[in-house]
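Dumped final38.txt below, it's compact mmCIF, C-alpha atoms:
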# COMPACT_ATOMS: atom_id res chain seq x y z
CA MET A 1 -124.49 -98.94 82.18
CA PHE A 2 -123.07 -100.62 85.27
CA PHE A 3 -119.57 -100.21 86.63
CA ASN A 4 -117.97 -102.01 89.54
CA LYS A 5 -116.65 -100.16 92.57
CA LYS A 6 -115.15 -102.60 95.05
CA ASP A 7 -117.99 -105.05 95.72
CA GLN A 8 -120.64 -102.61 94.59
CA LYS A 9 -122.33 -102.25 91.23
CA ILE A 10 -123.33 -98.71 90.35
CA GLU A 11 -125.51 -97.80 87.40
CA LEU A 12 -125.02 -94.74 85.21
CA ASP A 13 -127.69 -93.43 82.90
CA LEU A 14 -125.95 -92.98 79.53
CA GLN A 15 -128.75 -90.62 78.50
CA LYS A 16 -127.65 -88.19 81.22
CA ILE A 17 -123.93 -88.13 80.51
CA PRO A 18 -122.57 -84.54 80.42
CA LYS A 19 -121.71 -83.47 76.90
CA HIS A 20 -118.70 -81.41 77.98
CA ILE A 21 -116.55 -81.84 81.09
CA ALA A 22 -113.88 -79.28 81.99
CA PHE A 23 -111.03 -80.30 84.30
CA ILE A 24 -108.73 -78.21 86.46
CA MET A 25 -105.94 -80.74 86.92
CA ASP A 26 -104.64 -79.60 90.29
CA GLY A 27 -102.26 -81.22 92.76
CA ASN A 28 -99.57 -82.76 90.55
CA GLY A 29 -96.74 -81.09 92.46
CA ARG A 30 -98.13 -81.92 95.90
CA TRP A 31 -98.76 -85.53 94.80
CA ALA A 32 -95.09 -85.84 93.81
CA LYS A 33 -93.81 -84.11 96.95
CA LYS A 34 -95.68 -86.60 99.16
CA ARG A 35 -93.71 -89.32 97.40
CA GLY A 36 -90.36 -87.57 97.80
CA MET A 37 -90.21 -86.80 94.08
CA PRO A 38 -89.73 -83.50 92.21
CA ARG A 39 -92.84 -81.59 91.14
CA THR A 40 -92.10 -82.40 87.50
CA TYR A 41 -92.68 -86.08 88.23
CA GLY A 42 -96.25 -85.23 89.24
CA HIS A 43 -96.83 -83.45 85.93
CA HIS A 44 -95.42 -86.47 84.09
CA GLU A 45 -97.76 -88.86 85.91
CA GLY A 46 -100.70 -86.50 85.49
CA THR A 47 -100.53 -86.72 81.70
CA LYS A 48 -101.34 -90.43 81.94
CA ASN A 49 -104.69 -89.52 83.46
CA ILE A 50 -105.55 -87.28 80.52
CA ARG A 51 -105.17 -90.26 78.18
CA THR A 52 -107.09 -92.63 80.49
CA LEU A 53 -110.03 -90.32 81.13
CA ALA A 54 -110.26 -89.20 77.50
CA LEU A 55 -110.51 -92.79 76.28
CA GLU A 56 -113.08 -93.66 78.96
CA GLY A 57 -115.09 -90.52 78.23
CA ASN A 58 -115.07 -91.33 74.55
CA LYS A 59 -116.39 -94.81 75.32
CA ILE A 60 -119.37 -93.62 77.37
CA GLY A 61 -120.39 -90.81 75.02
CA ILE A 62 -118.89 -87.62 76.43
CA LYS A 63 -118.59 -85.22 73.49
CA ALA A 64 -115.83 -82.93 74.76
CA MET A 65 -113.27 -82.83 77.53
CA THR A 66 -111.26 -79.66 78.17
CA VAL A 67 -108.19 -79.83 80.40
CA TYR A 68 -106.43 -76.82 81.94
CA ALA A 69 -102.89 -77.63 80.88
CA PHE A 70 -101.17 -74.26 81.35
CA SER A 71 -102.68 -70.95 82.39
CA THR A 72 -101.42 -67.48 81.56
CA GLU A 73 -100.61 -67.14 85.28
CA ASN A 74 -98.49 -70.32 85.36
CA TYR A 75 -95.55 -68.33 84.02
CA ALA A 76 -95.09 -67.21 87.64
CA ARG A 77 -93.87 -70.72 88.52
CA PRO A 78 -90.15 -71.56 88.62
CA LYS A 79 -88.60 -71.48 85.15
CA SER A 80 -87.45 -75.08 85.40
CA GLU A 81 -91.05 -76.22 86.01
CA VAL A 82 -92.41 -74.08 83.18
CA ASP A 83 -89.76 -75.43 80.82
CA TYR A 84 -90.69 -78.99 81.79
CA ILE A 85 -94.42 -78.39 81.24
CA PHE A 86 -93.63 -77.08 77.76
CA LYS A 87 -91.97 -80.42 77.01
CA LEU A 88 -95.03 -82.43 78.05
CA PRO A 89 -97.02 -82.08 74.81
CA LYS A 90 -94.25 -83.81 72.84
CA GLU A 91 -94.03 -86.55 75.46
CA PHE A 92 -97.81 -86.97 75.63
CA PHE A 93 -98.46 -87.14 71.91
CA SER A 94 -95.45 -89.34 71.19
CA LEU A 95 -96.86 -91.88 73.66
CA TYR A 96 -100.60 -91.60 73.09
CA LEU A 97 -101.48 -89.89 69.80
CA LYS A 98 -101.61 -93.14 67.81
CA GLU A 99 -103.99 -94.66 70.36
CA LEU A 100 -106.15 -91.54 70.44
CA ILE A 101 -106.38 -91.54 66.64
CA GLU A 102 -107.35 -95.24 66.65
CA ASN A 103 -110.17 -94.35 69.06
CA ASN A 104 -111.42 -91.49 66.87
CA VAL A 105 -110.48 -88.76 69.40
CA GLN A 106 -110.04 -85.26 68.01
CA ILE A 107 -107.43 -82.91 69.48
CA ARG A 108 -108.10 -79.18 69.82
CA TYR A 109 -106.74 -76.31 71.87
CA ILE A 110 -107.81 -72.99 73.29
CA GLY A 111 -105.34 -70.33 74.38
CA HIS A 112 -102.13 -69.19 72.76
CA PRO A 113 -99.80 -72.12 72.10
CA GLU A 114 -98.40 -70.09 69.22
CA THR A 115 -96.43 -68.17 71.87
CA ALA A 116 -94.83 -71.36 73.25
CA PRO A 117 -91.39 -72.62 72.17
CA LYS A 118 -91.35 -73.85 68.56
CA GLU A 119 -91.13 -77.55 69.38
CA THR A 120 -94.11 -77.28 71.74
CA ARG A 121 -96.36 -75.38 69.36
CA ASP A 122 -95.39 -77.53 66.38
CA THR A 123 -96.27 -80.65 68.37
CA ILE A 124 -99.69 -79.30 69.35
CA PHE A 125 -100.50 -78.04 65.85
CA ALA A 126 -99.46 -81.38 64.32
CA ALA A 127 -101.75 -83.30 66.69
CA VAL A 128 -104.65 -81.02 65.79
CA GLU A 129 -104.00 -81.49 62.08
CA LYS A 130 -103.69 -85.28 62.30
CA THR A 131 -106.99 -85.65 64.19
CA LYS A 132 -109.09 -82.93 62.54
CA ASP A 133 -111.35 -85.42 60.75
CA ASN A 134 -111.99 -87.59 63.83
CA THR A 135 -115.57 -87.55 65.07
CA GLY A 136 -115.32 -88.96 68.59
CA LEU A 137 -114.59 -87.14 71.83
CA ILE A 138 -112.95 -83.73 71.44
CA LEU A 139 -109.93 -83.52 73.74
CA CYS A 140 -109.28 -79.81 74.10
CA PHE A 141 -106.13 -78.49 75.78
CA ALA A 142 -106.36 -75.06 77.42
CA PHE A 143 -102.74 -74.09 76.89
CA ILE A 144 -101.37 -70.64 77.73
CA TYR A 145 -105.01 -69.83 78.37
CA GLY A 146 -106.71 -67.27 80.57
CA SER A 147 -110.44 -66.63 80.59
CA LYS A 148 -110.20 -62.87 81.18
CA ASP A 149 -107.87 -62.61 78.19
CA GLU A 150 -110.34 -64.64 76.10
CA ILE A 151 -113.28 -62.44 77.09
CA ILE A 152 -111.37 -59.20 76.44
CA GLN A 153 -110.33 -60.50 73.02
CA ALA A 154 -113.95 -61.37 72.23
CA VAL A 155 -115.08 -57.86 73.26
CA LYS A 156 -112.43 -56.31 71.00
CA GLU A 157 -113.54 -58.43 68.04
CA ILE A 158 -117.20 -57.57 68.63
CA ALA A 159 -116.34 -53.87 68.90
CA THR A 160 -114.38 -54.08 65.65
CA ASP A 161 -117.24 -55.83 63.85
CA TYR A 162 -119.70 -53.24 65.18
CA LYS A 163 -117.44 -50.39 64.08
CA ASN A 164 -117.20 -51.93 60.60
CA ASP A 165 -120.99 -52.35 60.41
CA ASN A 166 -120.74 -56.15 60.35
CA ILE A 167 -123.14 -56.39 63.30
CA THR A 168 -125.72 -54.09 64.87
CA LEU A 169 -126.03 -53.17 68.53
CA ASP A 170 -129.29 -55.12 68.79
CA GLU A 171 -127.57 -58.29 67.56
CA ILE A 172 -125.16 -58.35 70.49
CA ASN A 173 -126.42 -60.89 73.02
CA ASP A 174 -125.14 -63.95 74.87
CA ILE A 175 -125.66 -66.21 71.86
CA LEU A 176 -123.60 -63.95 69.62
CA PHE A 177 -120.95 -63.52 72.31
CA ASP A 178 -120.50 -67.30 72.46
CA THR A 179 -119.46 -67.30 68.80
CA TYR A 180 -116.52 -64.99 69.53
CA LEU A 181 -115.06 -67.24 72.22
CA MET A 182 -112.33 -69.82 71.67
CA THR A 183 -114.84 -72.53 72.62
CA ALA A 184 -117.37 -71.46 69.98
CA ASP A 185 -117.52 -74.90 68.34
CA LEU A 186 -117.70 -76.85 71.61
CA PRO A 187 -120.83 -77.84 73.56
CA ASP A 188 -121.63 -75.84 76.69
CA VAL A 189 -119.68 -77.00 79.74
CA ASP A 190 -122.04 -79.17 81.79
CA LEU A 191 -119.61 -80.17 84.52
CA LEU A 192 -116.42 -78.71 86.01
CA ILE A 193 -114.16 -80.99 88.04
CA ARG A 194 -111.27 -79.58 90.06
CA THR A 195 -108.94 -81.89 91.93
CA SER A 196 -106.73 -81.48 95.05
CA GLY A 197 -109.39 -79.93 97.30
CA GLU A 198 -108.98 -76.37 96.03
CA GLN A 199 -112.28 -74.58 95.39
CA ARG A 200 -111.73 -71.75 92.94
CA LEU A 201 -111.94 -71.23 89.19
CA SER A 202 -108.46 -69.79 88.61
CA ASN A 203 -109.39 -67.72 85.54
CA TYR A 204 -110.75 -70.76 83.72
CA LEU A 205 -113.74 -70.68 81.34
CA LEU A 206 -115.49 -67.98 83.39
CA TRP A 207 -118.19 -67.30 80.78
CA GLN A 208 -118.62 -70.95 79.81
CA LEU A 209 -119.15 -72.11 83.41
CA ALA A 210 -122.14 -69.85 84.04
CA TYR A 211 -124.56 -72.76 84.54
CA SER A 212 -122.16 -75.67 84.92
CA GLU A 213 -122.34 -78.11 87.78
CA MET A 214 -119.14 -78.02 89.84
CA TYR A 215 -117.39 -80.79 91.72
CA PHE A 216 -114.32 -80.32 93.89
CA SER A 217 -112.43 -83.54 94.61
CA ASP A 218 -109.92 -83.98 97.43
CA LYS A 219 -107.90 -86.35 95.25
CA TYR A 220 -104.75 -85.07 93.60
CA TRP A 221 -104.94 -85.18 89.81
CA PRO A 222 -102.70 -88.26 89.32
CA ASP A 223 -105.04 -90.18 91.68
CA PHE A 224 -108.24 -89.11 89.94
CA ASP A 225 -108.95 -92.33 88.08
CA VAL A 226 -111.91 -93.79 86.16
CA SER A 227 -113.58 -94.88 89.39
CA ALA A 228 -113.39 -91.31 90.71
CA LEU A 229 -114.84 -90.01 87.45
CA TYR A 230 -117.78 -92.40 87.72
CA ASP A 231 -118.42 -91.25 91.30
CA VAL A 232 -118.66 -87.66 90.06
CA LEU A 233 -120.87 -88.64 87.12
CA LEU A 234 -123.23 -90.43 89.47
CA GLU A 235 -123.51 -87.35 91.68
CA TYR A 236 -123.98 -85.20 88.57
CA GLN A 237 -126.90 -87.36 87.47
CA ASN A 238 -128.51 -86.99 90.89
CA ARG A 239 -128.34 -83.21 90.84
CA ASP A 240 -131.32 -81.10 89.76
CA ARG A 241 -130.18 -78.73 87.01
CA ARG A 242 -132.75 -75.93 86.88
CA PHE A 243 -130.85 -73.22 84.96
CA GLY A 244 -132.55 -70.53 87.04
CA GLY A 245 -136.01 -72.09 86.85
CA LEU A 246 -138.02 -74.20 89.25
CA THR A 247 -138.62 -77.93 89.39
CA LEU A 248 -142.30 -78.73 89.12
Can you present the structure in this file as structure tokens?
Amino acid sequence: MFFNKKDQKIELDLQKIPKHIAFIMDGNGRWAKKRGMPRTYGHHEGTKNIRTLALEGNKIGIKAMTVYAFSTENYARPKSEVDYIFKLPKEFFSLYLKELIENNVQIRYIGHPETAPKETRDTIFAAVEKTKDNTGLILCFAFIYGSKDEIIQAVKEIATDYKNDNITLDEINDILFDTYLMTADLPDVDLLIRTSGEQRLSNYLLWQLAYSEMYFSDKYWPDFDVSALYDVLLEYQNRDRRFGGLTL
């Protein structure tokens, strides 16, 4: 598949497209500040990119796209910003859900949206229900999510199942552990993309990123467009993924 970048044609191998891309959508507030706008405007503009990249990913065969929408640590932000972020799901789905459904995109979530305000959680749950039979790209929102919390919860569930004789000690391995995670039904994360130049994981998918390729973009999230995605995909396809082995 060819795509145009300025006067240059670049070819992507559709057989080497990552099955699952995870995004840390960083830099919304700084993007807005540079334009003399409130931080909330950056979050508003950033949601447009979720729609754009999900539709493009669906078109080229990406199976799943997980976006870090709100972390358990984000509660430390100013209340006005937190309150605004909790309003974004209603805004996003009111604008784009019909289009996502028409393109066979399925909505999922990981985290604890059940602890969000009623309107927020009802909006997310309704989107999941309306798209549950879709078979295209899975657009997964990590919402009120923290990886350490997820791992601890998995350990508690495994310990409970062991105590109740549902599993044996010898059965506990990495494959079994995967099944206790919130991402159990998703493909392994092949590629992590974080925007805004920051280079840390921020308590995001710590187990799932064990062998993922990572790409840190200097672009703020609202500026990370389809062209930027293709640049990353091209680099991804030129990397040698050895998973601890050697290339012969």
Distance of atom CA of A:Val105 from atom CA of A:Asn134, expressed in Å to one decimal place: 5.9 Å
Restricting to only C-alpha atoms, whichever of A:Gly27, A:Leu12, A:Asn74, A:Ser94 is closest to A:Gly197 is A:Gly27
Residues within 12 Å of A:Asn238, only C-alpha atoms, excluding chain neighbours under 4 positions, as a PyMOL selection string: chain A and resi 11-13+16-17+213+231-234
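The environment of A:Thr135 within 12 Å, counting only C-alpha atoms and disregarding residues fewer than 5 places along the same chain, consists of Asn58, Gly61, Ile62, Lys63, Ala64, Leu100, Ile101, Glu102, Asn103, Asn104, Val105, Gln106 and Ile107 of chain A.
Between atom CA of A:Met214 and atom CA of A:Leu192 the separation is 4.7 Å.
Take atom CA of A:Ile110 and atom CA of A:Thr168: the distance between them is 27.4 Å.
When all atoms listed in the file are used to compute distances to A:Leu137, the closest of the residues A:Thr123, A:Ser217, A:Thr115, A:Thr66 turns out to be A:Thr66.
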